[in-house]
$ cat input-v9.txt   # compact mmCIF, C-alpha atoms
# COMPACT_ATOMS: atom_id res chain seq x y z
CA MET A 1 -6.17 -12.29 -16.25
CA GLY A 2 -4.38 -15.12 -18.00
CA LEU A 3 -0.67 -15.86 -17.54
CA ASN A 4 1.31 -18.28 -19.62
CA GLU A 5 3.41 -21.03 -18.07
CA ILE A 6 6.58 -18.93 -17.95
CA TYR A 7 4.94 -16.16 -15.94
CA MET A 8 3.11 -18.57 -13.67
CA THR A 9 6.39 -20.34 -12.88
CA LEU A 10 8.09 -17.02 -12.21
CA PHE A 11 5.21 -15.90 -10.00
CA ASP A 12 5.21 -19.14 -7.99
CA ASP A 13 8.99 -18.96 -7.56
CA MET A 14 8.88 -15.37 -6.31
CA VAL A 15 6.00 -16.08 -3.93
CA GLU A 16 7.76 -19.12 -2.45
CA TRP A 17 10.98 -17.12 -2.20
CA LEU A 18 9.97 -13.73 -0.81
CA ILE A 19 6.82 -14.24 1.21
CA PRO A 20 8.21 -16.78 3.72
CA ALA A 21 11.24 -14.51 4.06
CA ALA A 22 9.05 -11.47 4.70
CA LEU A 23 7.00 -13.27 7.33
CA ALA A 24 10.18 -14.33 9.12
CA ILE A 25 11.63 -10.81 8.99
CA LEU A 26 8.42 -9.16 10.19
CA LYS A 27 8.74 -11.05 13.47
CA GLU A 28 11.84 -8.94 14.13
CA CYS A 29 10.24 -5.63 13.11
CA LYS A 30 8.07 -3.19 15.02
CA GLN A 31 4.61 -2.79 13.45
CA MET A 32 1.80 -0.38 14.28
CA VAL A 33 -0.61 -3.29 13.90
CA GLU A 34 0.08 -6.93 13.10
CA PRO A 35 -1.99 -8.13 10.12
CA SER A 36 -2.34 -11.86 9.63
CA PRO A 37 -0.31 -13.58 6.88
CA MET A 38 -3.56 -14.36 5.06
CA TYR A 39 -4.58 -10.71 5.14
CA GLN A 40 -1.17 -9.57 3.87
CA TYR A 41 -1.27 -12.01 0.98
CA LYS A 42 -4.77 -10.82 0.14
CA MET A 43 -3.50 -7.23 -0.03
CA PHE A 44 -0.61 -8.30 -2.23
CA SER A 45 -2.94 -10.21 -4.56
CA ARG A 46 -5.27 -7.24 -4.90
CA PHE A 47 -2.43 -4.92 -5.83
CA PHE A 48 -0.76 -7.30 -8.25
CA ILE A 49 -3.92 -8.40 -10.04
CA HIS A 50 -4.90 -4.75 -10.46
CA PHE A 51 -1.70 -3.97 -12.37
CA LEU A 52 -1.87 -7.13 -14.46
CA ASP A 53 -5.45 -6.40 -15.48
CA LYS A 54 -4.59 -2.79 -16.20
CA HIS A 55 -1.70 -3.50 -18.56
CA LYS A 56 -2.62 -6.82 -20.20
CA THR A 57 0.71 -7.04 -22.06
CA PHE A 58 4.10 -6.80 -20.35
CA ASN A 59 7.59 -8.24 -20.24
CA GLN A 60 9.39 -10.16 -17.51
CA VAL A 61 11.24 -7.12 -16.16
CA TRP A 62 7.99 -5.19 -15.68
CA PHE A 63 6.34 -8.27 -14.18
CA GLN A 64 9.07 -8.70 -11.57
CA GLN A 65 9.26 -4.98 -10.75
CA THR A 66 5.51 -4.80 -10.27
CA PHE A 67 5.64 -7.88 -8.06
CA LEU A 68 8.26 -6.20 -5.84
CA PHE A 69 6.28 -2.97 -5.57
CA CYS A 70 3.10 -4.81 -4.56
CA PHE A 71 5.04 -7.08 -2.23
CA ALA A 72 6.69 -4.17 -0.41
CA TRP A 73 3.40 -2.40 0.24
CA ALA A 74 1.48 -5.51 1.22
CA TYR A 75 4.05 -6.64 3.77
CA GLY A 76 5.65 -3.36 4.84
CA SER A 77 2.79 -0.89 5.00
CA ALA A 78 2.09 -1.32 8.73
CA LEU A 79 5.72 -1.00 9.85
CA THR A 80 7.04 1.84 11.99
CA VAL A 81 9.94 3.96 10.68
CA ASN A 82 12.52 1.77 12.42
CA GLY A 83 10.64 -1.33 11.32
CA GLN A 84 10.79 -0.18 7.70
CA LYS A 85 14.55 0.35 7.95
CA HIS A 86 15.12 -3.12 9.37
CA PHE A 87 12.79 -4.72 6.84
CA ASP A 88 14.52 -2.84 4.02
CA THR A 89 17.99 -3.98 5.07
CA LEU A 90 17.12 -7.67 5.32
CA ILE A 91 14.91 -7.85 2.23
CA ARG A 92 17.60 -6.20 0.11
CA LYS A 93 20.10 -8.86 1.16
CA ILE A 94 17.67 -11.50 -0.05
CA LEU A 95 16.97 -9.66 -3.31
CA TYR A 96 20.69 -9.27 -3.97
CA GLY A 97 21.33 -12.96 -3.35
CA SER A 98 23.31 -12.43 -0.14
CA ASN A 99 21.15 -14.65 2.05
CA GLU A 100 21.85 -18.36 1.63
CA GLU A 101 18.70 -19.30 3.52
CA TYR A 102 16.58 -17.68 0.80
CA PRO A 103 18.48 -18.15 -2.50
CA ARG A 104 17.32 -16.28 -5.59
CA PRO A 105 15.06 -18.32 -7.89
CA LYS A 106 16.49 -19.48 -11.18
CA TYR A 107 14.24 -17.26 -13.29
CA PHE A 108 14.47 -14.09 -11.19
CA SER A 109 16.43 -11.82 -13.52
CA LEU A 110 16.39 -8.29 -12.10
CA ASN A 111 19.72 -6.62 -11.42
CA ARG A 112 20.29 -3.95 -8.76
CA GLY A 113 19.60 -1.14 -11.19
CA GLN A 114 16.15 -2.53 -11.95
CA MET A 115 15.10 -2.97 -8.32
CA PHE A 116 14.35 -0.36 -5.66
CA PRO A 117 17.02 2.37 -5.74
CA GLU A 118 19.45 2.10 -2.84
CA LYS A 119 19.46 5.72 -1.68
CA LEU A 120 16.22 5.33 0.31
CA SER A 121 14.16 2.44 1.67
CA LEU A 122 11.72 0.25 -0.25
CA MET A 123 8.70 2.20 0.97
CA ASP A 124 10.12 5.52 -0.24
CA TYR A 125 9.70 4.61 -3.90
CA ARG A 126 6.77 4.06 -6.20
CA PHE A 127 6.81 2.16 -9.46
CA ASP A 128 5.59 4.22 -12.42
CA GLU A 129 4.47 1.10 -14.33
CA VAL A 130 6.98 1.72 -17.13
CA GLU A 131 10.03 0.16 -15.44
CA ASN A 132 11.11 3.25 -13.47
CA TRP A 133 11.23 4.00 -9.74
CA TRP A 134 10.47 7.45 -8.34
CA THR A 135 10.24 8.96 -4.89
CA TRP A 136 6.73 9.81 -3.71
CA GLN A 137 7.38 13.52 -3.99
CA LYS A 138 7.22 14.91 -7.51
CA SER A 139 10.48 15.01 -9.41
CA THR A 140 11.05 17.35 -12.35
CA ASP A 141 12.19 14.29 -14.30
CA ASP A 142 9.09 12.25 -13.49
CA PRO A 143 6.52 12.51 -16.30
CA THR A 144 3.94 10.41 -14.46
CA ALA A 145 3.63 12.55 -11.33
CA PRO A 146 0.82 15.11 -11.13
CA ALA A 147 1.86 18.74 -11.13
CA ASN A 148 1.75 20.53 -7.78
CA VAL A 149 -0.11 23.73 -8.60
CA PHE A 150 -1.80 25.87 -5.95
CA PRO A 151 -4.90 27.86 -7.00
CA GLU A 152 -4.44 31.64 -7.17
CA ARG A 153 -7.17 32.27 -4.60
CA ALA A 154 -6.35 29.36 -2.36
CA ILE A 155 -6.83 29.71 1.39
CA ILE A 156 -3.45 29.16 3.02
CA SER A 157 -4.86 27.11 5.89
CA GLU A 158 -6.47 24.68 3.44
CA LEU A 159 -3.38 23.99 1.33
CA ILE A 160 -1.68 20.60 1.51
CA VAL A 161 2.07 20.87 1.02
CA PRO A 162 3.20 17.76 -0.90
CA THR A 163 5.29 15.35 1.14
CA LYS A 164 6.27 11.71 0.88
CA GLU A 165 3.37 10.77 3.15
CA SER A 166 0.78 12.82 1.27
CA GLY A 167 1.97 11.24 -1.97
CA GLN A 168 1.59 7.75 -0.53
CA ILE A 169 -1.88 8.41 0.87
CA THR A 170 -3.09 10.06 -2.33
CA TYR A 171 -1.81 7.23 -4.54
CA TRP A 172 -3.37 4.42 -2.52
CA GLN A 173 -6.54 6.37 -1.74
CA GLU A 174 -7.14 6.78 -5.46
CA PHE A 175 -6.48 3.07 -5.92
CA CYS A 176 -8.96 2.08 -3.21
CA ILE A 177 -11.66 4.46 -4.43
CA ASN A 178 -11.35 3.22 -8.01
CA LYS A 179 -11.53 -0.41 -6.87
CA SER A 180 -14.24 0.23 -4.22
CA TYR A 181 -12.00 -1.10 -1.44
CA PRO A 182 -12.35 0.09 2.17
CA MET A 183 -9.18 1.82 3.34
CA LEU A 184 -7.69 2.20 6.80
CA VAL A 185 -4.82 4.64 7.39
CA ILE A 186 -3.15 4.46 10.78
CA GLY A 187 -0.42 6.50 12.42
CA PRO A 188 0.37 8.91 15.27
CA THR A 189 -1.95 11.83 16.02
CA GLY A 190 -1.21 15.05 14.15
CA THR A 191 0.63 13.58 11.16
CA GLY A 192 -1.85 14.89 8.59
CA LYS A 193 -3.72 11.70 7.75
CA SER A 194 -7.19 13.20 8.03
CA ALA A 195 -6.23 16.47 6.34
CA VAL A 196 -4.80 14.73 3.27
CA ILE A 197 -7.65 12.25 2.96
CA ILE A 198 -10.36 14.92 3.36
CA SER A 199 -8.60 17.18 0.85
CA ASN A 200 -8.51 14.34 -1.68
CA LEU A 201 -12.16 13.46 -1.06
CA ASN A 202 -13.28 17.05 -1.48
CA ALA A 203 -11.41 17.22 -4.78
CA LEU A 204 -13.45 14.36 -6.27
CA PRO A 205 -15.98 15.26 -8.99
CA LYS A 206 -19.16 16.38 -7.26
CA ASN A 207 -21.45 14.98 -9.95
CA THR A 208 -20.32 11.38 -9.35
CA ASN A 209 -19.34 11.36 -5.67
CA LEU A 210 -21.09 12.09 -2.40
CA VAL A 211 -18.64 12.68 0.44
CA ASN A 212 -19.87 12.04 3.98
CA ILE A 213 -17.30 12.88 6.66
CA VAL A 214 -17.78 11.90 10.30
CA ASN A 215 -15.17 13.44 12.61
CA PHE A 216 -13.87 11.72 15.73
CA SER A 217 -11.60 13.05 18.41
CA ALA A 218 -8.29 11.25 18.89
CA ARG A 219 -9.61 10.36 22.34
CA THR A 220 -12.83 8.79 21.06
CA SER A 221 -12.97 5.06 21.71
CA ALA A 222 -15.17 2.55 19.91
CA GLN A 223 -17.05 1.91 23.14
CA LEU A 224 -17.74 5.61 23.65
CA LYS A 225 -19.07 6.02 20.13
CA LEU A 226 -21.35 3.00 20.45
CA PHE A 227 -22.66 4.39 23.72
CA SER A 228 -23.37 7.71 22.01
CA TYR A 229 -25.30 6.02 19.21
CA TYR A 230 -27.17 3.85 21.68
CA SER A 231 -28.22 6.93 23.65
CA ASN A 232 -29.66 8.50 20.51
CA PHE A 233 -31.20 5.51 18.78
CA GLY A 234 -32.06 3.12 21.59
CA SER A 235 -32.10 -0.66 21.72
CA SER A 236 -32.93 -1.12 18.03
CA PHE A 237 -29.50 0.26 17.15
CA ALA A 238 -27.78 -1.99 19.68
CA THR A 239 -29.53 -5.03 18.21
CA ALA A 240 -28.45 -4.05 14.69
CA ILE A 241 -24.83 -3.59 15.80
CA ALA A 242 -24.85 -6.98 17.52
CA GLU A 243 -26.11 -8.63 14.33
CA ILE A 244 -23.48 -6.90 12.22
CA HIS A 245 -20.66 -7.96 14.54
CA SER A 246 -21.88 -11.54 14.67
CA ASN A 247 -21.99 -11.86 10.88
CA THR A 248 -19.03 -9.73 9.79
CA LYS A 249 -15.32 -10.39 10.01
CA ILE A 250 -14.06 -6.92 10.82
CA GLY A 251 -11.27 -5.80 8.53
CA SER A 252 -11.45 -8.75 6.17
CA SER A 253 -11.92 -6.51 3.13
CA THR A 254 -10.07 -3.43 4.34
CA THR A 255 -6.83 -2.25 2.74
CA LEU A 256 -4.44 -1.20 5.51
CA PHE A 257 -1.76 1.49 5.33
CA GLY A 258 0.41 2.87 8.10
CA MET A 259 1.83 6.39 8.19
CA PRO A 260 4.65 6.15 10.77

$ encode --input "input-v9.txt" --output "structure tokens"
Amino acid sequence: MGLNEIYMTLFDDMVEWLIPAALAILKECKQMVEPSPMYQYKMFSRFFIHFLDKHKTFNQVWFQQTFLFCFAWAYGSALTVNGQKHFDTLIRKILYGSNEEYPRPKYFSLNRGQMFPEKLSLMDYRFDEVENWWTWQKSTDDPTAPANVFPERAIISELIVPTKESGQITYWQEFCINKSYPMLVIGPTGTGKSAVIISNLNALPKNTNLVNIVNFSARTSAQLKLFSYYSNFGSSFATAIAEIHSNTKIGSSTTLFGMP
């Protein structure tokens, strides 16, 4: 990825403008977990670099829209529903130039019609990579969304009815699989996280993918699972786990998403 001076200046300006603002706002918002600022910037960088590498050539409008999409998901993905609403309200004021503490950079050129639509919150829209914003559920006007077609002989209990949440999980799960990134989806029990993820995994081509699913009860703790493994495999397993924990920074490479 190589950016010319104009794009590098624009990128630096947007980073220095929006990221300090986001970190300040997040202190006022309820989050399901609280990722570190370094972790959030790492997520943002992963997303943004992916789109830049994918497209190679682009204009300033696309560049800024892509930045906003990646920014929203890197810094807002772990927020609760109320947290997302609060984050949305305050970030929009900054984007619209209504916050004197965080003035718009000189080269930021998007108007309201080019940013996130105002009907819903930031997290309710995805960027289609051609300068348009769409809701996560398929729209008849959206040429980039996959068609929702149920097989004729489908088993009713195995069908996944498309929702905003299933669209979000599917989109980012595909991203993480293609980039070989670990993925952590968090949220309340019974919201369909496992069902959507397993359905997507089972739909992967069998000749290139091997799916290994380990089920846990919602009441299963990490300590209980380690005890179970220790009971079956003995002290050699405990020694291996201790070595892994002493040499690994848990979560340092994981991409985190919350489903409030």

$ closest_residue --input "input-v9.txt" --among "A:Asp88, A:Glu16, A:Glu5, A:Glu131" --to "Cys29 (chain A)" --atoms "only C-alpha atoms"
A:Asp88

$ axis_aligned_box --input "input-v9.txt" --around "region 106-124 of chain A" --padding-each-side "8 Å" --output "AutoDock Vina command-line options"
--center_x 14.5 --center_y -6.9 --center_z -5.9 --size_x 27.6 --size_y 41.2 --size_z 31.2

$ atom_distance --input "input-v9.txt" --atom1 "CA of Ser36 (chain A)" --atom2 "CA of Thr89 (chain A)"
22.3 Å

$ atom_distance --input "input-v9.txt" --atom1 "CA of Cys176 (chain A)" --atom2 "CA of Lys54 (chain A)"
14.5 Å

$ closest_residue --input "input-v9.txt" --among "A:Ile198, A:Val161, A:Leu18, A:Met43" --to "Gln173 (chain A)" --atoms "all atoms listed in the file"
A:Ile198

$ residues_around --input "input-v9.txt" --residues "Ala72 (chain A)" --least-positions-apart "3" --cutoff "10 Å" --atoms "only C-alpha atoms" --output "NGL selection string"
:A and (22 or 44 or 66-69 or 75-77 or 84 or 87-88 or 91 or 122-123 or 125)

$ atom_distance --input "input-v9.txt" --atom1 "CA of Leu120 (chain A)" --atom2 "CA of Tyr39 (chain A)"
26.7 Å

$ residues_around --input "input-v9.txt" --residues "region 209-217 of chain A" --least-positions-apart "2" --cutoff "12 Å" --atoms "only C-alpha atoms" --output "compact mmCIF listing (two decimals) with C-alpha atoms, in the coordinates of the input"
# COMPACT_ATOMS: atom_id res chain seq x y z
CA ILE A 177 -11.66 4.46 -4.43
CA ASN A 178 -11.35 3.22 -8.01
CA THR A 189 -1.95 11.83 16.02
CA GLY A 190 -1.21 15.05 14.15
CA SER A 194 -7.19 13.20 8.03
CA ALA A 195 -6.23 16.47 6.34
CA ILE A 197 -7.65 12.25 2.96
CA ILE A 198 -10.36 14.92 3.36
CA SER A 199 -8.60 17.18 0.85
CA ASN A 200 -8.51 14.34 -1.68
CA LEU A 201 -12.16 13.46 -1.06
CA ASN A 202 -13.28 17.05 -1.48
CA ALA A 203 -11.41 17.22 -4.78
CA LEU A 204 -13.45 14.36 -6.27
CA PRO A 205 -15.98 15.26 -8.99
CA LYS A 206 -19.16 16.38 -7.26
CA ASN A 207 -21.45 14.98 -9.95
CA ARG A 219 -9.61 10.36 22.34
CA THR A 220 -12.83 8.79 21.06
CA SER A 221 -12.97 5.06 21.71
CA ALA A 222 -15.17 2.55 19.91
CA LEU A 224 -17.74 5.61 23.65
CA LYS A 225 -19.07 6.02 20.13

$ closest_residue --input "input-v9.txt" --among "A:Val196, A:Leu26, A:Met14, A:Ala78" --to "Phe108 (chain A)" --atoms "all atoms listed in the file"
A:Met14

$ residues_near_point --input "input-v9.txt" --point "(21.6, -11.2, 4.5)" --cutoff "12 Å" --atoms "all atoms listed in the file" --output "PyMOL selection string"
chain A and resi 21+25+86-103

$ closest_residue --input "input-v9.txt" --among "A:Glu129, A:Glu165, A:Glu174, A:Asp12" --to "His55 (chain A)" --atoms "only C-alpha atoms"
A:Glu129

$ closest_residue --input "input-v9.txt" --among "A:Ala74, A:Val61, A:Leu110, A:Gly83" --to "Gln31 (chain A)" --atoms "all atoms listed in the file"
A:Gly83

$ residues_around --input "input-v9.txt" --residues "Asp124 (chain A)" --least-positions-apart "6" --cutoff "12 Å" --atoms "all atoms listed in the file" --output "ChimeraX atom specification"
/A:69,72-73,76-77,81,84-85,88,116-118,133-137,163-168,259

$ closest_residue --input "input-v9.txt" --among "A:Tyr107, A:Tyr41, A:Phe127, A:Phe47" --to "Ile19 (chain A)" --atoms "all atoms listed in the file"
A:Tyr41
